[in-house]
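Enquirer: Pasting a structure here, questions to come.
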Amino acid sequence: MNTTLVIGAQWGDEGKGKIIDFLSQNTDFIIRFHGGNNAGHTVINEFGTFPLHLVPSGIFAKKAHGCISSGTVLDLEVLTQEIAMLTKAGITLKNKLSISPRCHIIMPYHKILDTLYEQAKGKAKTGTTGRGIGPVYADKVSYNGIRLADLANRKQFVEKLSIQLQVKNKIIKTLGGETLSLAKVEKQLLSVYKKIKPYIHEPYGILHKGLQENKSFLFEGSQGVFLDNDWGTYPFVTASTVLTGGINSGAGIPPQKIHNVLGVVKAYTTRVGSGPFPTELLDAEGEKLRKEGAEFGTTTGRARRCGWFDAELIRFAAQLNGFTAVAITKLDVLDTFKKIKICTGYMYKGKRIHYYDIDAHALFSVKPIYKTLKGWDTSTRGVTDYKKLPVLAKKYLAELEKQIGVKISHISTGPEREAIIQR
């Protein structure tokens, strides 16, 4: 049995989709266990280019069974669109995709409230994606959630929806929004529910049967470690648990069953939305990183903030999650830089401190400590043999390993599935 978790080790957008697509070719089960369509994984393979937000990125593998487990929250419109996109591309999903009826549903009022809350905060807004993620998780833990299973019983669904609209419409009206009609929301949700009904089946049983039969598993993490609700840069975070331990609650898999934890990081750092970013480059080099790396969000389309690699963050992420290896993506983006910097730590009020010593507000004020390396100024695009990498590129990778204390197992040199070095 081989169970591997792929987890983003920065602020999301690390290229997890490409790594998962690559690793999934000989995997029996691929599982999404948390988050919602605020995650965006772009997969480029022989079938085409696919921006996926809910369906597991490994769904293209012939023998893999895709699972969306109970920790995931669902926008049913987005889910049906993805299923239609994959079906049109010739990807068979029948008996290949299982969606837990325990998944909570992102309702229309969640998205409205997400936007209204941000507007009400003004300059203090946290920079959410506006997808309703925070409000749906808030309803989940405050016993106000509506789950996929509720839609199977129309009377039960309407009763729950009626109660929620009585509460939510009052808040929406107070914040200056347009209230929702019970009849319209009911019709909309039940219509899309019919389209995904064939795929609704609790995956717990087949997953545990697979564990007993020594099948292989690939768990697909969403977002990134520093968007975790507890250990991220709170309040500039997501609503779910992003860490390794989230597999237990989100997928029903015991943590001791996880053999490999692969942290995915870019060869530099990016972030979308508000929040502290110690190595951010607000100059020509930052703009060059954005241009060369095509740094625009899969989910939001927003331009990503760019900066140098932050080893202080990745060391912490590796310790917190028990990384057994690291995958470096977008190495080729650095090909034309004459000098490349690595942040090795922080200074704060005249003292060297660690990420875990301070909160997000203090993180705005830290000064990164940099180590400067000479760039290789040679194309690495599409290289698949480690021996063929430029010497200075190897030195850069060796320095990253030294700084974060974990071996690099995969190096991505382009967006295509085959553009990868496996060490």
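Lettering and numbering for the structure tokens are positional, with chains as A, B, ... in the shown order, residues counted from 1 in each chain, and ligands counted from 1 in the shown order.
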Kindly provide the residues of segment 218-253 of chain A that approach segment 5-18 of chain A to within 7 Å, each paired with its closest atom pair and their distance in Å to one decimal, based on only C-alpha atoms, listed by chain and increasing number, as CSV.

Expert:
```
residue,atom,partner,partner_atom,distance
A:Leu218,CA,A:Leu5,CA,5.8
A:Phe219,CA,A:Leu5,CA,4.6
A:Glu220,CA,A:Val6,CA,5.5
A:Gly221,CA,A:Ile7,CA,4.7
A:Ser222,CA,A:Gly8,CA,6.9
A:Gln223,CA,A:Gly12,CA,4.2
A:Gly224,CA,A:Gly12,CA,4.2
A:Val225,CA,A:Ala9,CA,5.0
A:Phe226,CA,A:Trp11,CA,5.3
A:Leu227,CA,A:Trp11,CA,5.8
```

Enquirer: Those residues you just picked out, can you put them in a file as a CSV table (one decimal), in the first residue's frame with N, CA and C atoms?

Expert:
```csv
chain,number,residue,atom,x,y,z
A,218,LEU,N,-3.8,8.7,-3.4
A,218,LEU,CA,-3.2,10.0,-3.6
A,218,LEU,C,-4.2,11.1,-3.1
A,219,PHE,N,-3.8,11.8,-2.0
A,219,PHE,CA,-4.7,12.8,-1.4
A,219,PHE,C,-4.3,14.1,-2.0
A,220,GLU,N,-5.3,14.8,-2.5
A,220,GLU,CA,-5.1,16.1,-3.1
A,220,GLU,C,-5.4,17.3,-2.2
A,221,GLY,N,-4.4,17.9,-1.7
A,221,GLY,CA,-4.5,19.1,-0.8
A,221,GLY,C,-4.9,20.3,-1.7
A,222,SER,N,-5.7,21.2,-1.1
A,222,SER,CA,-6.0,22.4,-1.7
A,222,SER,C,-5.4,23.6,-1.0
A,223,GLN,N,-5.4,24.8,-1.6
A,223,GLN,CA,-4.8,26.0,-1.0
A,223,GLN,C,-3.3,25.7,-0.6
A,224,GLY,N,-2.9,26.3,0.5
A,224,GLY,CA,-1.5,26.1,0.9
A,224,GLY,C,-1.4,26.2,2.4
A,225,VAL,N,-0.3,25.7,3.0
A,225,VAL,CA,-0.1,25.7,4.5
A,225,VAL,C,-0.4,27.0,5.1
A,226,PHE,N,0.0,28.1,4.5
A,226,PHE,CA,-0.1,29.4,5.1
A,226,PHE,C,-1.4,30.1,4.9
A,227,LEU,N,-2.3,29.3,4.4
A,227,LEU,CA,-3.8,29.7,4.4
A,227,LEU,C,-4.6,28.8,5.3
```

Enquirer: Might you pull out every residue within 8 Å of segment 72-84 of chain A, with only C-alpha atoms counted and same-chain residues fewer than 2 positions away left off, and present them as a ChimeraX atom specification?

Expert: /A:32-37,52-55,68-70,86-88,93,103-107,133,136-137,189,192-193,195-196,250

Enquirer: Hey, can you spit out that residue selection with N, CA and C atoms as a PDB file, in the first residue's frame?

Expert:
```
ATOM      1  N   ARG A  32     -10.102  14.362  -2.957  1.00  0.00           N
ATOM      2  CA  ARG A  32     -10.177  15.743  -2.466  1.00  0.00           C
ATOM      3  C   ARG A  32     -10.836  15.686  -1.092  1.00  0.00           C
ATOM      4  N   PHE A  33     -10.211  16.265  -0.078  1.00  0.00           N
ATOM      5  CA  PHE A  33     -10.718  16.090   1.276  1.00  0.00           C
ATOM      6  C   PHE A  33     -11.016  17.383   2.024  1.00  0.00           C
ATOM      7  N   HIS A  34     -10.806  18.528   1.401  1.00  0.00           N
ATOM      8  CA  HIS A  34     -11.121  19.793   2.089  1.00  0.00           C
ATOM      9  C   HIS A  34     -11.226  20.923   1.078  1.00  0.00           C
ATOM     10  N   GLY A  35     -11.661  22.078   1.560  1.00  0.00           N
ATOM     11  CA  GLY A  35     -11.759  23.251   0.703  1.00  0.00           C
ATOM     12  C   GLY A  35     -12.911  23.152  -0.281  1.00  0.00           C
ATOM     13  N   GLY A  36     -12.962  24.124  -1.174  1.00  0.00           N
ATOM     14  CA  GLY A  36     -14.024  24.156  -2.175  1.00  0.00           C
ATOM     15  C   GLY A  36     -13.482  24.664  -3.492  1.00  0.00           C
ATOM     16  N   ASN A  37     -14.315  25.376  -4.231  1.00  0.00           N
ATOM     17  CA  ASN A  37     -13.873  25.871  -5.529  1.00  0.00           C
ATOM     18  C   ASN A  37     -13.081  27.181  -5.423  1.00  0.00           C
ATOM     19  N   LEU A  52      -9.401  22.909 -13.001  1.00  0.00           N
ATOM     20  CA  LEU A  52     -10.285  22.155 -12.117  1.00  0.00           C
ATOM     21  C   LEU A  52     -10.345  22.807 -10.740  1.00  0.00           C
ATOM     22  N   HIS A  53     -11.533  22.795 -10.158  1.00  0.00           N
ATOM     23  CA  HIS A  53     -11.720  23.412  -8.848  1.00  0.00           C
ATOM     24  C   HIS A  53     -12.301  22.458  -7.812  1.00  0.00           C
ATOM     25  N   LEU A  54     -12.990  21.412  -8.279  1.00  0.00           N
ATOM     26  CA  LEU A  54     -13.610  20.459  -7.356  1.00  0.00           C
ATOM     27  C   LEU A  54     -13.308  19.002  -7.708  1.00  0.00           C
ATOM     28  N   VAL A  55     -13.400  18.650  -8.975  1.00  0.00           N
ATOM     29  CA  VAL A  55     -13.080  17.282  -9.379  1.00  0.00           C
ATOM     30  C   VAL A  55     -11.586  17.048  -9.185  1.00  0.00           C
ATOM     31  N   ILE A  68     -14.596  12.773  -3.872  1.00  0.00           N
ATOM     32  CA  ILE A  68     -14.751  14.072  -3.209  1.00  0.00           C
ATOM     33  C   ILE A  68     -15.358  13.753  -1.851  1.00  0.00           C
ATOM     34  N   SER A  69     -14.544  13.830  -0.811  1.00  0.00           N
ATOM     35  CA  SER A  69     -14.986  13.361   0.503  1.00  0.00           C
ATOM     36  C   SER A  69     -15.641  14.465   1.319  1.00  0.00           C
ATOM     37  N   SER A  70     -16.091  14.108   2.498  1.00  0.00           N
ATOM     38  CA  SER A  70     -17.006  14.936   3.288  1.00  0.00           C
ATOM     39  C   SER A  70     -16.453  16.287   3.718  1.00  0.00           C
ATOM     40  N   LEU A  86     -15.354  17.717 -18.622  1.00  0.00           N
ATOM     41  CA  LEU A  86     -14.598  16.475 -18.703  1.00  0.00           C
ATOM     42  C   LEU A  86     -15.274  15.458 -19.614  1.00  0.00           C
ATOM     43  N   THR A  87     -16.586  15.375 -19.515  1.00  0.00           N
ATOM     44  CA  THR A  87     -17.345  14.454 -20.366  1.00  0.00           C
ATOM     45  C   THR A  87     -17.174  14.822 -21.839  1.00  0.00           C
ATOM     46  N   LYS A  88     -17.230  16.111 -22.141  1.00  0.00           N
ATOM     47  CA  LYS A  88     -17.055  16.589 -23.517  1.00  0.00           C
ATOM     48  C   LYS A  88     -15.674  16.240 -24.054  1.00  0.00           C
ATOM     49  N   LEU A  93     -16.650   9.322 -16.544  1.00  0.00           N
ATOM     50  CA  LEU A  93     -16.781   9.506 -15.103  1.00  0.00           C
ATOM     51  C   LEU A  93     -17.714   8.489 -14.455  1.00  0.00           C
ATOM     52  N   CYS A 103     -21.010  16.142   2.106  1.00  0.00           N
ATOM     53  CA  CYS A 103     -20.437  17.431   1.696  1.00  0.00           C
ATOM     54  C   CYS A 103     -21.444  18.560   1.908  1.00  0.00           C
ATOM     55  N   HIS A 104     -20.994  19.654   2.473  1.00  0.00           N
ATOM     56  CA  HIS A 104     -21.852  20.827   2.640  1.00  0.00           C
ATOM     57  C   HIS A 104     -21.912  21.613   1.333  1.00  0.00           C
ATOM     58  N   ILE A 105     -23.067  22.243   1.109  1.00  0.00           N
ATOM     59  CA  ILE A 105     -23.316  22.948  -0.152  1.00  0.00           C
ATOM     60  C   ILE A 105     -23.139  24.447   0.027  1.00  0.00           C
ATOM     61  N   ILE A 106     -22.429  25.049  -0.922  1.00  0.00           N
ATOM     62  CA  ILE A 106     -22.324  26.510  -0.953  1.00  0.00           C
ATOM     63  C   ILE A 106     -23.619  27.034  -1.566  1.00  0.00           C
ATOM     64  N   MET A 107     -24.403  27.700  -0.752  1.00  0.00           N
ATOM     65  CA  MET A 107     -25.692  28.226  -1.182  1.00  0.00           C
ATOM     66  C   MET A 107     -25.518  29.630  -1.777  1.00  0.00           C
ATOM     67  N   ILE A 133     -16.843  30.563   0.632  1.00  0.00           N
ATOM     68  CA  ILE A 133     -16.181  29.514   1.411  1.00  0.00           C
ATOM     69  C   ILE A 133     -16.277  29.769   2.919  1.00  0.00           C
ATOM     70  N   VAL A 136     -19.932  29.314   4.263  1.00  0.00           N
ATOM     71  CA  VAL A 136     -20.449  27.946   4.296  1.00  0.00           C
ATOM     72  C   VAL A 136     -19.797  27.148   5.430  1.00  0.00           C
ATOM     73  N   TYR A 137     -18.505  27.363   5.673  1.00  0.00           N
ATOM     74  CA  TYR A 137     -17.861  26.678   6.802  1.00  0.00           C
ATOM     75  C   TYR A 137     -18.380  27.223   8.132  1.00  0.00           C
ATOM     76  N   LEU A 189     -31.244  24.812  -7.097  1.00  0.00           N
ATOM     77  CA  LEU A 189     -30.451  23.757  -6.457  1.00  0.00           C
ATOM     78  C   LEU A 189     -30.919  22.360  -6.853  1.00  0.00           C
ATOM     79  N   VAL A 192     -29.663  21.416 -10.493  1.00  0.00           N
ATOM     80  CA  VAL A 192     -28.267  20.973 -10.639  1.00  0.00           C
ATOM     81  C   VAL A 192     -28.010  19.682  -9.865  1.00  0.00           C
ATOM     82  N   TYR A 193     -28.776  19.467  -8.799  1.00  0.00           N
ATOM     83  CA  TYR A 193     -28.634  18.240  -8.018  1.00  0.00           C
ATOM     84  C   TYR A 193     -28.897  17.011  -8.886  1.00  0.00           C
ATOM     85  N   LYS A 195     -28.232  16.580 -11.910  1.00  0.00           N
ATOM     86  CA  LYS A 195     -27.114  16.321 -12.818  1.00  0.00           C
ATOM     87  C   LYS A 195     -25.968  15.580 -12.136  1.00  0.00           C
ATOM     88  N   ILE A 196     -25.822  15.776 -10.842  1.00  0.00           N
ATOM     89  CA  ILE A 196     -24.711  15.113 -10.143  1.00  0.00           C
ATOM     90  C   ILE A 196     -25.162  13.902  -9.329  1.00  0.00           C
ATOM     91  N   GLY A 250     -11.474  15.072   7.175  1.00  0.00           N
ATOM     92  CA  GLY A 250     -12.032  15.367   5.858  1.00  0.00           C
ATOM     93  C   GLY A 250     -12.285  14.166   4.985  1.00  0.00           C
TER      94      GLY A 250
END
```

Enquirer: I want to know what sits within 10 Å of Cys306 of chain A, based on only C-alpha atoms, with residues of the same chain fewer than 2 positions away left out; could you give that as a list in words?

Expert: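 Near Cys306 of chain A, the qualifying residues are Tyr268, Thr269, Thr270, Arg271, Val272, Phe277, Thr279, Glu280, Leu281, Leu282, Asp283, Glu285, Gly286, Glu287, Lys288, Leu289, Arg290, Gly293, Glu295, Ala303, Arg304, Trp308 and Phe309 of chain A.
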
Enquirer: For segment 394-410 of chain A, work out the shell of residues within 10 Å, counting only C-alpha atoms and skipping chain neighbours fewer than 6 positions away, then give it as a short mmCIF file (atom, residue, chain, number, x, y, z; two decimals) with C-alpha atoms, in the first residue's frame.

Expert:
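Wrote around-v3.cif, looks like this:
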```cif
data_model
loop_
_atom_site.label_atom_id
_atom_site.label_comp_id
_atom_site.auth_asym_id
_atom_site.auth_seq_id
_atom_site.Cartn_x
_atom_site.Cartn_y
_atom_site.Cartn_z
CA ILE A 19 2.22 17.18 -9.69
CA LEU A 262 4.94 15.69 -0.59
CA GLY A 263 5.15 19.45 -0.11
CA VAL A 264 4.80 21.42 -3.35
CA ALA A 267 11.07 28.01 -7.04
CA PHE A 309 11.79 31.93 -2.18
CA ASP A 310 11.09 32.07 1.57
CA ALA A 311 12.95 29.20 3.26
CA GLU A 312 11.80 30.33 6.71
CA LEU A 313 8.21 29.55 5.72
CA ILE A 314 8.99 26.24 4.02
CA ARG A 315 11.08 24.97 6.96
CA PHE A 316 8.07 25.55 9.20
CA ALA A 317 5.66 23.93 6.71
CA ALA A 318 7.94 20.88 6.45
CA GLN A 319 8.12 20.45 10.24
CA GLY A 322 6.05 16.01 8.29
CA PHE A 323 7.16 16.43 4.68
CA THR A 324 8.98 13.35 3.44
CA ALA A 325 9.96 15.16 0.23
CA VAL A 326 9.46 18.40 -1.68
CA ALA A 327 8.47 19.06 -5.29
CA ILE A 328 9.81 22.28 -6.82
CA THR A 329 7.73 23.81 -9.61
CA LEU A 331 12.20 26.30 -11.98
CA ILE A 340 18.50 34.95 -7.35
CA LYS A 341 17.80 35.46 -3.66
CA ILE A 342 16.67 33.05 -0.95
CA CYS A 343 15.19 34.31 2.31
CA THR A 344 16.89 32.33 5.07
CA GLY A 345 15.17 33.99 8.05
CA LYS A 371 21.37 34.80 0.62
CA THR A 372 22.18 35.75 -2.98
CA LEU A 373 23.12 33.16 -5.59
CA LYS A 374 24.26 33.59 -9.16
CA GLY A 375 21.60 32.77 -11.78
CA TRP A 376 22.26 30.12 -14.43
CA TYR A 386 18.62 16.08 -13.56
CA LYS A 387 22.13 15.63 -15.02
CA LYS A 388 21.22 18.01 -17.84
CA ILE A 420 9.35 17.08 -14.92
CA ILE A 421 12.47 15.61 -13.34
CA GLN A 422 11.92 12.71 -10.94
CA ARG A 423 14.91 12.11 -8.68
#
```

Enquirer: Tell me which of A:Gly48, A:Gly252, A:Gly132, A:Pro108 sits closest to Gly71 of chain A, counting only C-alpha atoms.

Expert: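 Residue with the minimum atom-to-atom distance to Gly71 of chain A: A:Gly252.
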
Enquirer: Taking 3 positions as the minimum chain separation for residues in the same chain, which residues sit within 12 Å of Tyr204 of chain A when counting only C-alpha atoms? Answer as a ChimeraX atom specification.

Expert: /A:29,31,33,67-71,98-102,201,207-211,248-254

Enquirer: For those residues, write N, CA and C atoms to a file as a PDB file, in the first residue's frame.

Expert:
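Written file, selection07.pdb:
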```
ATOM      1  N   PHE A  29      -6.739   5.444  -6.127  1.00  0.00           N
ATOM      2  CA  PHE A  29      -7.715   6.406  -5.628  1.00  0.00           C
ATOM      3  C   PHE A  29      -7.089   7.801  -5.511  1.00  0.00           C
ATOM      4  N   ILE A  31      -8.185  11.579  -3.941  1.00  0.00           N
ATOM      5  CA  ILE A  31      -9.192  12.103  -3.021  1.00  0.00           C
ATOM      6  C   ILE A  31      -9.022  13.590  -2.756  1.00  0.00           C
ATOM      7  N   PHE A  33     -10.211  16.265  -0.078  1.00  0.00           N
ATOM      8  CA  PHE A  33     -10.718  16.090   1.276  1.00  0.00           C
ATOM      9  C   PHE A  33     -11.016  17.383   2.024  1.00  0.00           C
ATOM     10  N   CYS A  67     -12.472  10.679  -5.725  1.00  0.00           N
ATOM     11  CA  CYS A  67     -13.389  10.824  -4.595  1.00  0.00           C
ATOM     12  C   CYS A  67     -13.396  12.264  -4.106  1.00  0.00           C
ATOM     13  N   ILE A  68     -14.596  12.773  -3.872  1.00  0.00           N
ATOM     14  CA  ILE A  68     -14.751  14.072  -3.209  1.00  0.00           C
ATOM     15  C   ILE A  68     -15.358  13.753  -1.851  1.00  0.00           C
ATOM     16  N   SER A  69     -14.544  13.830  -0.811  1.00  0.00           N
ATOM     17  CA  SER A  69     -14.986  13.361   0.503  1.00  0.00           C
ATOM     18  C   SER A  69     -15.641  14.465   1.319  1.00  0.00           C
ATOM     19  N   SER A  70     -16.091  14.108   2.498  1.00  0.00           N
ATOM     20  CA  SER A  70     -17.006  14.936   3.288  1.00  0.00           C
ATOM     21  C   SER A  70     -16.453  16.287   3.718  1.00  0.00           C
ATOM     22  N   GLY A  71     -15.133  16.430   3.765  1.00  0.00           N
ATOM     23  CA  GLY A  71     -14.560  17.703   4.190  1.00  0.00           C
ATOM     24  C   GLY A  71     -14.617  18.786   3.129  1.00  0.00           C
ATOM     25  N   SER A  98     -16.864   9.419  -7.085  1.00  0.00           N
ATOM     26  CA  SER A  98     -17.765   9.271  -5.935  1.00  0.00           C
ATOM     27  C   SER A  98     -17.751  10.555  -5.118  1.00  0.00           C
ATOM     28  N   ILE A  99     -18.947  11.071  -4.829  1.00  0.00           N
ATOM     29  CA  ILE A  99     -19.085  12.315  -4.065  1.00  0.00           C
ATOM     30  C   ILE A  99     -19.828  12.008  -2.776  1.00  0.00           C
ATOM     31  N   SER A 100     -19.258  12.402  -1.656  1.00  0.00           N
ATOM     32  CA  SER A 100     -19.881  12.118  -0.369  1.00  0.00           C
ATOM     33  C   SER A 100     -21.161  12.947  -0.173  1.00  0.00           C
ATOM     34  N   PRO A 101     -22.259  12.303   0.239  1.00  0.00           N
ATOM     35  CA  PRO A 101     -23.487  13.049   0.535  1.00  0.00           C
ATOM     36  C   PRO A 101     -23.342  13.929   1.780  1.00  0.00           C
ATOM     37  N   ARG A 102     -22.231  13.751   2.515  1.00  0.00           N
ATOM     38  CA  ARG A 102     -21.976  14.576   3.701  1.00  0.00           C
ATOM     39  C   ARG A 102     -21.380  15.939   3.347  1.00  0.00           C
ATOM     40  N   HIS A 201     -22.214   9.060  -3.805  1.00  0.00           N
ATOM     41  CA  HIS A 201     -22.034   7.771  -3.133  1.00  0.00           C
ATOM     42  C   HIS A 201     -20.930   7.943  -2.099  1.00  0.00           C
ATOM     43  N   LEU A 207     -12.890   3.295   0.148  1.00  0.00           N
ATOM     44  CA  LEU A 207     -11.539   3.710   0.538  1.00  0.00           C
ATOM     45  C   LEU A 207     -10.959   2.756   1.581  1.00  0.00           C
ATOM     46  N   HIS A 208     -11.740   2.386   2.572  1.00  0.00           N
ATOM     47  CA  HIS A 208     -11.227   1.485   3.603  1.00  0.00           C
ATOM     48  C   HIS A 208     -11.056   0.067   3.064  1.00  0.00           C
ATOM     49  N   LYS A 209     -11.882  -0.310   2.121  1.00  0.00           N
ATOM     50  CA  LYS A 209     -11.695  -1.600   1.456  1.00  0.00           C
ATOM     51  C   LYS A 209     -10.379  -1.572   0.676  1.00  0.00           C
ATOM     52  N   GLY A 210     -10.103  -0.413   0.054  1.00  0.00           N
ATOM     53  CA  GLY A 210      -8.853  -0.244  -0.678  1.00  0.00           C
ATOM     54  C   GLY A 210      -7.636  -0.302   0.227  1.00  0.00           C
ATOM     55  N   LEU A 211      -7.773   0.247   1.433  1.00  0.00           N
ATOM     56  CA  LEU A 211      -6.673   0.169   2.401  1.00  0.00           C
ATOM     57  C   LEU A 211      -6.379  -1.283   2.766  1.00  0.00           C
ATOM     58  N   ASN A 248      -7.837  13.012   8.288  1.00  0.00           N
ATOM     59  CA  ASN A 248      -8.619  12.227   9.243  1.00  0.00           C
ATOM     60  C   ASN A 248     -10.066  12.701   9.277  1.00  0.00           C
ATOM     61  N   SER A 249     -10.268  13.998   9.472  1.00  0.00           N
ATOM     62  CA  SER A 249     -11.631  14.522   9.551  1.00  0.00           C
ATOM     63  C   SER A 249     -12.265  14.672   8.171  1.00  0.00           C
ATOM     64  N   GLY A 250     -11.474  15.072   7.175  1.00  0.00           N
ATOM     65  CA  GLY A 250     -12.032  15.367   5.858  1.00  0.00           C
ATOM     66  C   GLY A 250     -12.285  14.166   4.985  1.00  0.00           C
ATOM     67  N   ALA A 251     -11.548  13.060   5.207  1.00  0.00           N
ATOM     68  CA  ALA A 251     -11.702  11.879   4.358  1.00  0.00           C
ATOM     69  C   ALA A 251     -11.991  10.609   5.139  1.00  0.00           C
ATOM     70  N   GLY A 252     -11.891  10.670   6.469  1.00  0.00           N
ATOM     71  CA  GLY A 252     -12.154   9.492   7.275  1.00  0.00           C
ATOM     72  C   GLY A 252     -11.034   8.470   7.238  1.00  0.00           C
ATOM     73  N   ILE A 253      -9.808   8.925   6.935  1.00  0.00           N
ATOM     74  CA  ILE A 253      -8.649   8.041   6.853  1.00  0.00           C
ATOM     75  C   ILE A 253      -7.757   8.272   8.078  1.00  0.00           C
ATOM     76  N   PRO A 254      -7.379   7.225   8.815  1.00  0.00           N
ATOM     77  CA  PRO A 254      -6.498   7.402   9.973  1.00  0.00           C
ATOM     78  C   PRO A 254      -5.159   8.008   9.564  1.00  0.00           C
TER      79      PRO A 254
END
```

Enquirer: Got a sec to tell me which of segment 263-391 of chain A DSSP assigns to alpha helix (DSSP H), as an MDAnalysis selection string?

Expert: chainID A and resid 284:292 311:321 360:363 391

Enquirer: In Å, how far is it from atom CA of Glu213 of chain A to atom CA of Ile91 of chain A?

Expert: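 Atom CA of Ile91 of chain A lies 26.3 Å from atom CA of Glu213 of chain A.
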
Enquirer: Do you have the atom CA of Asp150 of chain A-atom CA of Ile171 of chain A distance handy?

Expert: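 Rounded to one decimal, the two atoms are 23.5 Å apart.
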
Enquirer: Assign secondary structure with DSSP using the backbone only, and return the residues of segment 46-151 of chain A in strand (DSSP E) as a compact mmCIF listing (two decimals) with C-alpha atoms, in the first residue's frame.

Expert:
```
# COMPACT_ATOMS: atom_id res chain seq x y z
CA GLY A 48 -6.13 19.36 -23.29
CA THR A 49 -5.94 22.10 -20.65
CA PHE A 50 -8.31 21.79 -17.71
CA PRO A 51 -8.85 24.32 -14.90
CA LEU A 52 -10.28 22.15 -12.12
CA HIS A 65 -11.18 6.38 -8.89
CA GLY A 66 -11.82 10.01 -7.96
CA CYS A 67 -13.39 10.82 -4.59
CA ILE A 68 -14.75 14.07 -3.21
CA VAL A 73 -17.69 22.09 0.30
CA LEU A 74 -19.48 22.14 -3.04
CA LEU A 97 -16.26 9.50 -9.43
CA SER A 98 -17.77 9.27 -5.94
CA ILE A 99 -19.08 12.32 -4.06
CA HIS A 104 -21.85 20.83 2.64
CA ILE A 105 -23.32 22.95 -0.15
```

Enquirer: Within 6 Å of Asn229 of chain A, counting only C-alpha atoms, which residues show up once you throw out same-chain ones fewer than 2 positions away? Write them as a PyMOL selection string, please.

Expert: chain A and resi 232+237-241

Enquirer: How would the residues just picked look written out with N, CA and C atoms as a compact mmCIF listing (two decimals), in the first residue's frame?

Expert:
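Contents of the output file selection.txt:
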```txt
# COMPACT_ATOMS: atom_id res chain seq x y z
N GLY A 232 -1.89 29.37 9.56
CA GLY A 232 -1.61 30.32 8.50
C GLY A 232 -1.56 31.75 9.00
N VAL A 237 -6.57 34.00 5.69
CA VAL A 237 -6.47 32.55 5.51
C VAL A 237 -7.75 32.01 4.88
N THR A 238 -7.82 30.69 4.75
CA THR A 238 -9.05 30.05 4.29
C THR A 238 -9.80 29.50 5.51
N ALA A 239 -10.96 28.87 5.26
CA ALA A 239 -11.82 28.45 6.37
C ALA A 239 -11.59 27.01 6.81
N SER A 240 -10.80 26.27 6.06
CA SER A 240 -10.64 24.85 6.36
C SER A 240 -9.25 24.52 6.89
N THR A 241 -9.10 23.28 7.35
CA THR A 241 -7.80 22.77 7.77
C THR A 241 -7.06 22.30 6.53
```
